[in-house]
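J.: Structure file model-v2.cif (mmCIF, C-alpha atoms) right here:
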```cif
data_data
loop_
_atom_site.label_atom_id
_atom_site.label_comp_id
_atom_site.auth_asym_id
_atom_site.auth_seq_id
_atom_site.Cartn_x
_atom_site.Cartn_y
_atom_site.Cartn_z
CA MET A 1 0.00 0.00 0.00
CA LYS A 2 1.26 3.46 -0.97
CA ILE A 3 0.07 6.64 0.70
CA TYR A 4 0.74 10.00 -0.95
CA PHE A 5 1.02 12.86 1.53
CA SER A 6 2.30 16.40 1.98
CA PRO A 7 3.79 17.41 5.34
CA LEU A 8 1.16 18.75 7.77
CA ALA A 9 -1.60 18.57 5.13
CA CYS A 10 -4.76 16.68 6.06
CA SER A 11 -2.88 13.52 5.09
CA LEU A 12 -1.27 13.83 8.55
CA ALA A 13 -4.44 12.05 9.71
CA THR A 14 -3.52 9.04 7.58
CA ARG A 15 -0.01 8.85 9.07
CA ILE A 16 -1.41 9.08 12.60
CA THR A 17 -3.86 6.30 11.74
CA LEU A 18 -1.13 4.06 10.34
CA TYR A 19 0.95 4.51 13.49
CA GLU A 20 -2.11 3.97 15.68
CA ALA A 21 -2.74 0.66 13.90
CA GLY A 22 0.92 -0.33 13.76
CA ALA A 23 0.39 -0.75 10.02
CA GLU A 24 2.94 -0.65 7.24
CA ALA A 25 2.70 1.54 4.16
CA THR A 26 5.03 3.27 1.72
CA LEU A 27 4.66 6.98 2.36
CA ILE A 28 5.40 9.11 -0.70
CA GLU A 29 5.83 12.86 -0.28
CA VAL A 30 4.13 15.24 -2.70
CA ASP A 31 5.36 18.81 -3.07
CA PRO A 32 2.13 20.81 -2.74
CA LYS A 33 3.32 23.51 -5.19
CA THR A 34 4.94 21.52 -7.99
CA LYS A 35 3.06 18.21 -7.42
CA HIS A 36 6.38 16.38 -7.85
CA THR A 37 6.60 13.25 -5.75
CA SER A 38 9.54 11.96 -3.73
CA ASP A 39 9.67 8.90 -6.02
CA GLY A 40 10.16 11.10 -9.07
CA SER A 41 6.78 11.30 -10.74
CA ASP A 42 4.04 13.88 -11.31
CA PHE A 43 1.34 13.32 -8.70
CA ARG A 44 -1.39 14.43 -11.11
CA THR A 45 -0.72 11.30 -13.15
CA VAL A 46 -1.61 9.32 -10.00
CA SER A 47 -4.60 11.42 -8.90
CA PRO A 48 -5.96 14.03 -11.35
CA LEU A 49 -6.97 16.70 -8.80
CA GLY A 50 -3.56 16.49 -7.16
CA LEU A 51 -5.03 16.35 -3.66
CA VAL A 52 -3.46 14.41 -0.80
CA PRO A 53 -3.99 11.95 0.75
CA ALA A 54 -4.26 9.36 -1.98
CA LEU A 55 -3.93 5.64 -1.39
CA VAL A 56 -2.80 3.11 -3.98
CA THR A 57 -3.37 -0.55 -3.15
CA GLU A 58 -1.03 -3.43 -3.96
CA ASP A 59 -3.27 -4.05 -7.00
CA GLY A 60 -2.71 -0.50 -8.21
CA GLU A 61 -6.21 0.74 -7.33
CA LEU A 62 -6.48 4.42 -6.40
CA LEU A 63 -8.56 5.56 -3.43
CA THR A 64 -8.96 9.29 -2.77
CA GLU A 65 -10.74 11.48 -0.19
CA ASN A 66 -9.50 11.65 3.36
CA ALA A 67 -12.75 10.37 4.92
CA ALA A 68 -12.76 7.33 2.63
CA ILE A 69 -9.09 6.48 3.21
CA LEU A 70 -9.46 6.77 6.98
CA GLN A 71 -12.53 4.50 6.97
CA TYR A 72 -10.80 2.04 4.64
CA LEU A 73 -7.90 1.77 7.09
CA THR A 74 -10.43 1.38 9.93
CA GLU A 75 -11.93 -1.57 8.11
CA LEU A 76 -8.52 -3.14 7.38
CA TYR A 77 -7.27 -2.79 10.96
CA PRO A 78 -9.91 -3.83 13.51
CA GLN A 79 -7.95 -2.25 16.37
CA LEU A 80 -8.97 1.14 14.92
CA GLN A 81 -12.69 0.42 15.08
CA PRO A 82 -14.56 2.56 17.57
CA ARG A 83 -16.73 0.87 20.18
CA ALA A 84 -20.01 1.17 18.32
CA SER A 85 -22.93 -0.90 19.48
CA ASP A 86 -25.42 -0.06 16.74
CA ALA A 87 -25.98 1.63 13.38
CA LEU A 88 -26.41 5.04 14.98
CA GLU A 89 -23.09 4.81 16.81
CA ARG A 90 -21.39 3.75 13.58
CA ALA A 91 -23.02 6.72 11.85
CA ARG A 92 -21.48 9.07 14.44
CA LEU A 93 -18.00 8.39 13.03
CA LYS A 94 -19.28 9.30 9.57
CA GLN A 95 -21.01 12.39 10.99
CA TRP A 96 -17.79 13.71 12.50
CA LEU A 97 -15.66 12.88 9.46
CA SER A 98 -18.19 14.67 7.26
CA PHE A 99 -18.43 17.68 9.59
CA ILE A 100 -14.64 18.04 9.73
CA GLY A 101 -14.31 17.61 5.97
CA THR A 102 -17.09 19.99 4.93
CA GLU A 103 -17.55 22.60 7.67
CA LEU A 104 -13.99 22.90 8.97
CA HIS A 105 -11.55 21.70 6.32
CA LYS A 106 -13.20 22.90 3.08
CA ALA A 107 -15.39 25.81 4.21
CA LEU A 108 -13.14 27.36 6.85
CA TYR A 109 -9.47 26.40 6.60
CA VAL A 110 -8.91 25.88 2.84
CA PRO A 111 -9.61 29.52 1.90
CA LEU A 112 -7.61 30.75 4.92
CA LEU A 113 -4.60 28.61 3.95
CA ASP A 114 -4.71 29.62 0.30
CA HIS A 115 -2.14 32.36 -0.34
CA LYS A 116 -3.91 33.24 -3.58
CA ALA A 117 -7.37 33.66 -1.99
CA PRO A 118 -8.53 37.30 -1.90
CA GLU A 119 -9.12 38.85 1.53
CA VAL A 120 -12.89 38.95 0.86
CA VAL A 121 -12.88 35.17 0.45
CA LYS A 122 -11.04 34.72 3.76
CA GLN A 123 -13.50 37.00 5.55
CA TYR A 124 -16.42 35.08 4.07
CA ALA A 125 -14.96 31.83 5.40
CA LEU A 126 -14.38 33.32 8.85
CA GLN A 127 -18.08 34.19 9.22
CA LYS A 128 -18.80 30.55 10.01
CA MET A 129 -15.89 29.99 12.38
CA GLU A 130 -17.59 30.73 15.68
CA SER A 131 -20.66 28.51 15.20
CA ARG A 132 -18.52 25.59 13.97
CA LEU A 133 -15.93 25.80 16.74
CA THR A 134 -18.66 26.23 19.36
CA LEU A 135 -20.24 22.97 18.17
CA VAL A 136 -16.90 21.16 18.47
CA ALA A 137 -16.20 22.69 21.89
CA GLN A 138 -19.61 21.62 23.19
CA ARG A 139 -19.10 18.07 21.92
CA LEU A 140 -15.73 17.86 23.70
CA GLU A 141 -17.04 19.11 27.07
CA GLY A 142 -16.40 16.24 29.47
CA ARG A 143 -15.20 13.94 26.66
CA GLU A 144 -11.74 12.61 25.92
CA PHE A 145 -12.37 12.07 22.20
CA LEU A 146 -15.07 12.85 19.63
CA LEU A 147 -16.44 9.31 20.00
CA ASP A 148 -16.22 6.80 22.87
CA GLY A 149 -12.55 6.09 22.21
CA PHE A 150 -9.82 7.36 19.92
CA SER A 151 -10.92 7.14 16.30
CA VAL A 152 -9.82 8.33 12.88
CA ALA A 153 -12.11 11.34 13.42
CA ASP A 154 -9.70 12.51 16.12
CA ALA A 155 -6.76 12.02 13.76
CA TYR A 156 -8.52 14.15 11.13
CA MET A 157 -9.57 16.78 13.68
CA PHE A 158 -6.00 17.05 14.96
CA ALA A 159 -4.62 17.60 11.44
CA VAL A 160 -7.20 20.31 10.73
CA LEU A 161 -7.03 22.16 14.07
CA ASN A 162 -3.25 22.29 13.69
CA TRP A 163 -3.70 24.76 10.81
CA SER A 164 -5.09 27.32 13.27
CA SER A 165 -1.52 28.40 14.09
CA VAL A 166 -0.97 29.71 10.54
CA THR A 167 -4.46 31.16 9.99
CA PRO A 168 -6.59 33.78 11.82
CA VAL A 169 -8.46 30.95 13.57
CA SER A 170 -7.96 31.34 17.30
CA LEU A 171 -8.81 28.39 19.52
CA ALA A 172 -7.94 30.28 22.72
CA GLY A 173 -11.57 30.93 23.62
CA TYR A 174 -12.49 27.24 23.36
CA ARG A 175 -11.01 25.60 26.43
CA SER A 176 -12.28 22.08 25.71
CA ILE A 177 -10.72 22.20 22.23
CA VAL A 178 -7.37 23.46 23.51
CA GLU A 179 -7.25 20.69 26.12
CA TYR A 180 -8.28 18.07 23.55
CA GLN A 181 -5.55 19.24 21.18
CA ALA A 182 -2.97 19.00 23.98
CA ARG A 183 -4.23 15.52 24.93
CA LEU A 184 -3.94 14.32 21.34
CA ARG A 185 -0.47 15.84 20.97
CA ASP A 186 0.67 13.64 23.87
CA ARG A 187 -0.69 10.45 22.34
CA ALA A 188 2.13 8.25 21.00
CA SER A 189 0.82 7.88 17.43
CA VAL A 190 0.07 11.58 17.12
CA ALA A 191 3.34 12.72 18.74
CA ARG A 192 5.42 10.57 16.38
CA ALA A 193 3.50 11.53 13.24
CA PHE A 194 3.45 15.22 14.14
CA ALA A 195 7.18 15.36 14.93
CA GLU A 196 8.07 13.64 11.67
CA GLU A 197 5.84 15.85 9.54
CA ARG A 198 7.04 19.04 11.23
CA GLU A 199 10.57 18.08 10.28
CA LEU A 200 9.51 17.30 6.70
CA TYR A 201 7.58 20.57 6.56
CA SER A 202 10.66 22.55 7.61
CA ARG A 203 12.61 20.89 4.81
CA GLU A 204 9.81 21.65 2.33
CA LEU A 205 9.92 25.33 3.30
CA ALA A 206 13.71 25.38 3.01
CA ARG A 207 13.49 23.88 -0.49
CA GLN A 208 10.90 26.46 -1.50
CA ARG A 209 13.06 29.29 -0.16
CA ALA A 210 15.98 27.90 -2.14
CA GLY A 211 13.80 28.10 -5.25
CA GLY A 212 13.10 24.48 -5.91
CA MET B 213 -37.78 8.50 12.57
CA LYS B 214 -38.04 12.20 11.72
CA ILE B 215 -36.16 13.81 8.84
CA TYR B 216 -35.82 17.58 8.67
CA PHE B 217 -35.51 18.92 5.13
CA SER B 218 -35.87 22.03 3.00
CA PRO B 219 -37.27 21.69 -0.52
CA LEU B 220 -34.54 21.02 -3.12
CA ALA B 221 -31.75 21.38 -0.53
CA CYS B 222 -29.25 18.53 -0.24
CA SER B 223 -31.83 16.80 1.94
CA LEU B 224 -33.52 15.88 -1.35
CA ALA B 225 -31.01 12.99 -1.33
CA THR B 226 -32.53 11.68 1.89
CA ARG B 227 -36.05 11.74 0.45
CA ILE B 228 -34.88 9.93 -2.70
CA THR B 229 -33.18 7.35 -0.47
CA LEU B 230 -36.32 6.80 1.63
CA TYR B 231 -38.40 6.25 -1.51
CA GLU B 232 -35.74 3.99 -2.98
CA ALA B 233 -35.88 1.86 0.18
CA GLY B 234 -39.66 2.03 0.51
CA ALA B 235 -39.02 3.29 4.04
CA GLU B 236 -41.27 5.34 6.29
CA ALA B 237 -40.26 8.57 7.99
CA THR B 238 -41.90 11.76 9.18
CA LEU B 239 -40.61 14.51 6.91
CA ILE B 240 -40.56 17.93 8.56
CA GLU B 241 -40.03 21.02 6.41
CA VAL B 242 -37.61 23.71 7.54
CA ASP B 243 -37.86 27.23 6.13
CA PRO B 244 -34.25 27.92 5.11
CA LYS B 245 -34.52 31.62 5.92
CA THR B 246 -36.43 31.69 9.23
CA LYS B 247 -35.51 28.15 10.38
CA HIS B 248 -39.14 27.66 11.40
CA THR B 249 -40.31 24.08 10.99
CA SER B 250 -43.62 22.82 9.63
CA ASP B 251 -44.39 21.34 13.06
CA GLY B 252 -44.08 24.74 14.68
CA SER B 253 -40.66 24.81 16.29
CA ASP B 254 -37.33 26.56 15.77
CA PHE B 255 -35.03 24.17 13.91
CA ARG B 256 -31.96 25.51 15.72
CA THR B 257 -33.30 23.99 18.94
CA VAL B 258 -33.15 20.63 17.13
CA SER B 259 -29.79 21.11 15.38
CA PRO B 260 -27.64 24.11 16.41
CA LEU B 261 -26.15 24.89 12.99
CA GLY B 262 -29.60 24.86 11.40
CA LEU B 263 -28.44 22.71 8.49
CA VAL B 264 -30.63 20.15 6.76
CA PRO B 265 -30.87 17.21 6.57
CA ALA B 266 -31.10 16.23 10.22
CA LEU B 267 -32.43 12.90 11.40
CA VAL B 268 -34.01 12.25 14.80
CA THR B 269 -34.47 8.62 15.81
CA GLU B 270 -37.43 7.18 17.73
CA ASP B 271 -35.22 7.48 20.83
CA GLY B 272 -34.76 11.20 20.21
CA GLU B 273 -31.13 10.93 19.09
CA LEU B 274 -29.96 13.54 16.56
CA LEU B 275 -27.85 12.58 13.56
CA THR B 276 -26.55 15.31 11.26
CA GLU B 277 -24.42 15.50 8.08
CA ASN B 278 -25.82 14.30 4.80
CA ALA B 279 -23.12 11.66 4.23
CA ALA B 280 -23.75 10.17 7.68
CA ILE B 281 -27.54 10.12 7.32
CA LEU B 282 -27.35 8.51 3.87
CA GLN B 283 -24.99 5.80 5.14
CA TYR B 284 -27.13 5.26 8.23
CA LEU B 285 -30.16 4.63 6.01
CA THR B 286 -28.01 2.33 3.86
CA GLU B 287 -27.21 0.30 6.94
CA LEU B 288 -30.86 0.18 8.09
CA TYR B 289 -32.21 -0.87 4.68
CA PRO B 290 -30.09 -3.61 3.10
CA GLN B 291 -31.77 -3.13 -0.29
CA LEU B 292 -29.81 0.15 -0.54
CA GLN B 293 -26.44 -1.49 -0.09
CA PRO B 294 -24.22 -1.33 -3.16
CA ARG B 295 -22.77 -4.54 -4.51
CA ALA B 296 -19.41 -4.27 -2.80
CA SER B 297 -17.21 -7.32 -2.66
CA ASP B 298 -14.41 -5.98 -0.50
CA ALA B 299 -13.21 -3.13 1.72
CA LEU B 300 -12.01 -1.11 -1.26
CA GLU B 301 -15.39 -1.28 -2.98
CA ARG B 302 -17.09 -0.22 0.25
CA ALA B 303 -14.63 2.66 0.50
CA ARG B 304 -15.68 3.84 -2.99
CA LEU B 305 -19.11 4.83 -1.65
CA LYS B 306 -17.41 6.89 1.06
CA GLN B 307 -15.05 8.38 -1.52
CA TRP B 308 -17.91 9.65 -3.69
CA LEU B 309 -19.97 10.90 -0.75
CA SER B 310 -16.92 12.78 0.51
CA PHE B 311 -16.06 14.18 -2.93
CA ILE B 312 -19.62 15.41 -3.48
CA GLY B 313 -19.81 16.89 0.02
CA THR B 314 -16.46 18.65 0.02
CA GLU B 315 -15.51 19.46 -3.59
CA LEU B 316 -18.95 20.04 -5.12
CA HIS B 317 -21.44 20.89 -2.37
CA LYS B 318 -19.33 22.98 0.03
CA ALA B 319 -16.53 24.35 -2.16
CA LEU B 320 -18.47 25.01 -5.38
CA TYR B 321 -22.24 25.27 -4.95
CA VAL B 322 -22.66 26.73 -1.43
CA PRO B 323 -20.99 30.07 -2.26
CA LEU B 324 -22.79 30.21 -5.63
CA LEU B 325 -26.18 29.64 -3.98
CA ASP B 326 -25.58 32.18 -1.20
CA HIS B 327 -27.30 35.46 -2.10
CA LYS B 328 -25.15 37.25 0.47
CA ALA B 329 -21.82 35.97 -0.90
CA PRO B 330 -19.74 38.70 -2.60
CA GLU B 331 -19.01 38.26 -6.31
CA VAL B 332 -15.30 37.68 -5.52
CA VAL B 333 -16.27 34.67 -3.39
CA LYS B 334 -18.36 33.22 -6.21
CA GLN B 335 -15.53 33.69 -8.71
CA TYR B 336 -13.11 32.00 -6.30
CA ALA B 337 -15.45 29.00 -6.04
CA LEU B 338 -15.85 28.80 -9.83
CA GLN B 339 -12.09 28.41 -10.31
CA LYS B 340 -12.38 24.77 -9.29
CA MET B 341 -15.49 23.94 -11.30
CA GLU B 342 -13.88 22.60 -14.45
CA SER B 343 -11.47 20.15 -12.79
CA ARG B 344 -14.20 18.81 -10.48
CA LEU B 345 -16.83 18.35 -13.18
CA THR B 346 -14.26 16.79 -15.51
CA LEU B 347 -13.50 14.18 -12.85
CA VAL B 348 -17.21 13.37 -12.49
CA ALA B 349 -17.72 13.26 -16.26
CA GLN B 350 -14.80 10.86 -16.68
CA ARG B 351 -16.12 8.60 -13.94
CA LEU B 352 -19.53 8.44 -15.63
CA GLU B 353 -18.16 7.60 -19.11
CA GLY B 354 -19.70 4.21 -19.92
CA ARG B 355 -21.26 3.90 -16.46
CA GLU B 356 -24.89 4.02 -15.42
CA PHE B 357 -24.18 5.13 -11.84
CA LEU B 358 -21.20 6.28 -9.75
CA LEU B 359 -20.84 2.76 -8.34
CA ASP B 360 -21.89 -0.65 -9.70
CA GLY B 361 -25.57 0.01 -9.05
CA PHE B 362 -27.72 2.87 -7.80
CA SER B 363 -26.48 4.10 -4.42
CA VAL B 364 -27.00 6.98 -2.03
CA ALA B 365 -24.05 8.66 -3.76
CA ASP B 366 -26.25 9.03 -6.86
CA ALA B 367 -29.05 10.48 -4.74
CA TYR B 368 -26.62 13.05 -3.30
CA MET B 369 -25.09 13.81 -6.71
CA PHE B 370 -28.55 14.37 -8.19
CA ALA B 371 -29.51 16.84 -5.44
CA VAL B 372 -26.27 18.78 -5.90
CA LEU B 373 -26.17 18.84 -9.72
CA ASN B 374 -29.76 20.11 -9.71
CA TRP B 375 -28.51 23.42 -8.29
CA SER B 376 -26.66 24.07 -11.55
CA SER B 377 -29.86 25.53 -13.02
CA VAL B 378 -29.83 28.45 -10.53
CA THR B 379 -26.05 29.02 -10.50
CA PRO B 380 -23.44 29.83 -13.18
CA VAL B 381 -22.47 26.12 -13.30
CA SER B 382 -23.11 24.84 -16.79
CA LEU B 383 -23.19 21.10 -17.32
CA ALA B 384 -23.76 21.43 -21.08
CA GLY B 385 -20.14 20.62 -21.94
CA TYR B 386 -20.21 17.38 -19.94
CA ARG B 387 -22.26 14.93 -21.98
CA SER B 388 -21.91 11.99 -19.61
CA ILE B 389 -23.14 14.10 -16.69
CA VAL B 390 -26.14 15.44 -18.63
CA GLU B 391 -27.12 11.91 -19.65
CA TYR B 392 -26.65 10.63 -16.10
CA GLN B 393 -28.82 13.43 -14.74
CA ALA B 394 -31.57 12.59 -17.26
CA ARG B 395 -31.31 8.88 -16.38
CA LEU B 396 -31.67 9.61 -12.68
CA ARG B 397 -34.60 11.97 -13.30
CA ASP B 398 -36.45 9.05 -14.91
CA ARG B 399 -35.87 6.73 -11.96
CA ALA B 400 -39.07 6.22 -9.95
CA SER B 401 -37.67 7.23 -6.54
CA VAL B 402 -35.97 10.31 -7.95
CA ALA B 403 -38.92 11.37 -10.13
CA ARG B 404 -41.33 11.19 -7.18
CA ALA B 405 -39.02 12.98 -4.72
CA PHE B 406 -38.07 15.66 -7.25
CA ALA B 407 -41.69 16.38 -8.27
CA GLU B 408 -42.76 16.67 -4.63
CA GLU B 409 -39.91 18.96 -3.65
CA ARG B 410 -40.34 21.17 -6.71
CA GLU B 411 -43.95 21.72 -5.65
CA LEU B 412 -42.88 22.47 -2.05
CA TYR B 413 -40.16 24.79 -3.34
CA SER B 414 -42.70 26.76 -5.39
CA ARG B 415 -44.83 27.18 -2.27
CA GLU B 416 -41.77 28.26 -0.26
CA LEU B 417 -40.97 30.94 -2.86
CA ALA B 418 -44.60 32.10 -2.85
CA ARG B 419 -44.54 32.40 0.95
CA GLN B 420 -41.32 34.40 0.77
CA ARG B 421 -42.76 36.72 -1.85
CA ALA B 422 -45.80 37.22 0.37
CA GLY B 423 -43.42 38.30 3.13
CA GLY B 424 -43.50 35.34 5.41
#
```
Taking this structure as input, can you express it in the form of structure tokens?
T.:
Amino acid sequence: MKIYFSPLACSLATRITLYEAGAEATLIEVDPKTKHTSDGSDFRTVSPLGLVPALVTEDGELLTENAAILQYLTELYPQLQPRASDALERARLKQWLSFIGTELHKALYVPLLDHKAPEVVKQYALQKMESRLTLVAQRLEGREFLLDGFSVADAYMFAVLNWSSVTPVSLAGYRSIVEYQARLRDRASVARAFAEERELYSRELARQRAGG
Amino acid sequence: MKIYFSPLACSLATRITLYEAGAEATLIEVDPKTKHTSDGSDFRTVSPLGLVPALVTEDGELLTENAAILQYLTELYPQLQPRASDALERARLKQWLSFIGTELHKALYVPLLDHKAPEVVKQYALQKMESRLTLVAQRLEGREFLLDGFSVADAYMFAVLNWSSVTPVSLAGYRSIVEYQARLRDRASVARAFAEERELYSRELARQRAGG
């Protein structure tokens, strides 16, 4: 299994999940600007939209979309499966993955992270910040994780919340989120994945500064 | 089971899915502007973000997020389950639901449908239209549905593509999408749901014109 990623992109959730499962995969770095991969190809020939993460199976089948890849890994590695007693509990994982993907990742953070996005676009995105973060904060009141145990939704949430530090999103007013983020940062799988990707991100920035 | 919807919103996918399954549910209309419901309450007391669809079980549990509700119904009604032979095939449903929810629904159509969105925001959203629609068109080349049989992903795609008629999104250049849309429109579950919601939408517009 190959996983295409860019350092500290939402594909960080996939790396956390692999480490959480103790699973093996070939991780291939994609430069987010040039779309060149660390194994010397053009990522758009692998996945046309050029978005990470992308997973390629041993049979050469491509799977895209973070929520789908995370749930695929959850199905492959039973130790990742949340304690869900019925259909509704299983739907809760999908609910949180969808909320993170649509309301936080795409609607809020993507425009804020995009250096080419006009200021008006960033302000439009920020209009929805408070209601979305309030919902997350309320869910985390008195809870360790989004569901009844660590799940891939937490891995995805961690990757997304991490972008706050380089955007105008301030988590300071949301105590339960700040504590949750700190708790996740201390978790072995997250700590290892985050440290590795921070290092890779520094190198990516250095390469960009050097003009290639 | 109660389902909160607004006519021709993405909750149309839930109605199509109910009809496809021959399932019973109490459908409660939400006015998208006032958030008043047809059973006389304020929808934000049911679901804080005020977004449809929302599902409330017989036990009073709330489930939100279109992708989660559609997959929950798929689990409840086995006749909806796509012919998936392995984990990768099951992940394909999640991939398409995620793609529709993030790349089409939230990133493209939501800003275009928002009367309060500045023109710059709409233009920003339109930048990604061609690559996204091209991906969908390529998938549908020689295929009847997104997966190997009708699935909730088609119900969601139908609801989203339908918004093209009131936005600058033109599907005319994408033959396989236009044919797919026509095929879905002829399907019994879709035809019934679409006709009913068009009628409800007309009444909603008439109410708004009458000032309430």
J.: For range 115-131 of chain A, list every protein, DNA or RNA residue within 10 Å, evaluated using all atoms listed in the file, and leave out those in the same chain fewer than 5 positions away; present the list as a list in words.
T.: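 My reading of the contact set: Glu103, Leu104, Lys106, Ala107, Leu108, Tyr109, Val110, Val136, Ala137, Thr167, Pro168, Val169, Ser170, Leu171, Gly173 and Tyr174 of chain A; Pro260, Leu261, Pro323, Lys328, Ala329, Pro330, Glu331, Val332, Val333, Lys334, Gln335, Tyr336 and Ala337 of chain B.
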J.: Extract, using all atoms listed in the file, all DNA, RNA and protein residues at most 12 Å from Arg387 in chain B, discarding same-chain residues fewer than 2 positions from it, and format them as a list in words.
T.: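 Counting only the stated atoms, we get Leu345, Thr346, Val348, Ala349, Gln350, Arg351, Leu352, Glu353, Gly354, Ser382, Leu383, Ala384, Gly385, Ile389, Val390, Glu391, Tyr392, Gln393 and Ala394 of chain B.
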J.: Could you please tell me, as a PyMOL selection string, which residues of chain B have an atom within 7 Å of chain A when using only C-alpha atoms?
T.: chain B and resi 261+276-277+279-280+284+287+299-300+303+306-307+310-311+313-314+318-319+332-333+343
J.: Mind pulling up the distance from CA of Leu239 in chain B to CA of Ala225 in chain B?
T.: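 So the two atoms, CA of Ala225 in chain B and CA of Leu239 in chain B, lie 12.7 Å apart.
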J.: Determine the residue membership of the PyMOL selection byres ((chain B and resi 263) around 10) for the file above and supply it as a PyMOL selection string.
T.: chain B and resi 216-218+221-223+242+244+247+255-256+259-262+264-266+276-278
J.: I'd like the box whose edges run along x, y and z of the file and which contains every listed atom of range 279-293 of chain B, padded by 3 Å per side; could you state its centre and edge lengths in Å, one decimal, as AutoDock Vina command-line options?
T.:
```
--center_x -27.7 --center_y 4.0 --center_z 3.8 --size_x 15.1 --size_y 21.3 --size_z 14.8
```
J.: So how many Å separate CA of Phe150 in chain A and CA of Arg83 in chain A, to one decimal?
T.: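 Interatomic distance here is 9.5 Å.
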J.: Enter the distance from CA of Ala188 in chain A to CA of Tyr19 in chain A, in Å, rounded to one decimal.
T.: 8.5 Å
J.: For this structure, which residues satisfy the selection - the PyMOL selection byres ((chain B and resi 397) around 12) - when it is evaluated on the file as given? I want them as a ChimeraX atom specification.
T.: /B:228,366-367,369-371,373-374,390-396,398-407
J.: Neighbours of Leu8 in chain A within 7 Å (all atoms listed in the file; same-chain residues fewer than 4 positions away dropped), as a PyMOL selection string?
T.: chain A and resi 12+159+197-198+201
J.: Might you pull out every residue within 6 Å of Lys214 in chain B, with only C-alpha atoms counted and same-chain residues fewer than 3 positions away left off, and present them as a list of chain:residue names?
T.: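 Listed by chain and then number, they are B:Ala237, B:Thr238, B:Leu239, B:Leu267, B:Val268.
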J.: Calculated over all atoms listed in the file, which of the candidates B:Arg227, B:Gly234, B:Ile240, B:Pro219 has the smallest distance to Tyr368 in chain B?
T.: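 Among B:Arg227, B:Gly234, B:Ile240, B:Pro219, it is B:Arg227 that comes nearest to Tyr368 in chain B.
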J.: Counting only C-alpha atoms, which of B:Thr226, B:Ser297, B:Asp254, B:Ile215 gets nearest to Val364 in chain B?
T.: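 Under the stated criterion, the closest residue is B:Thr226.
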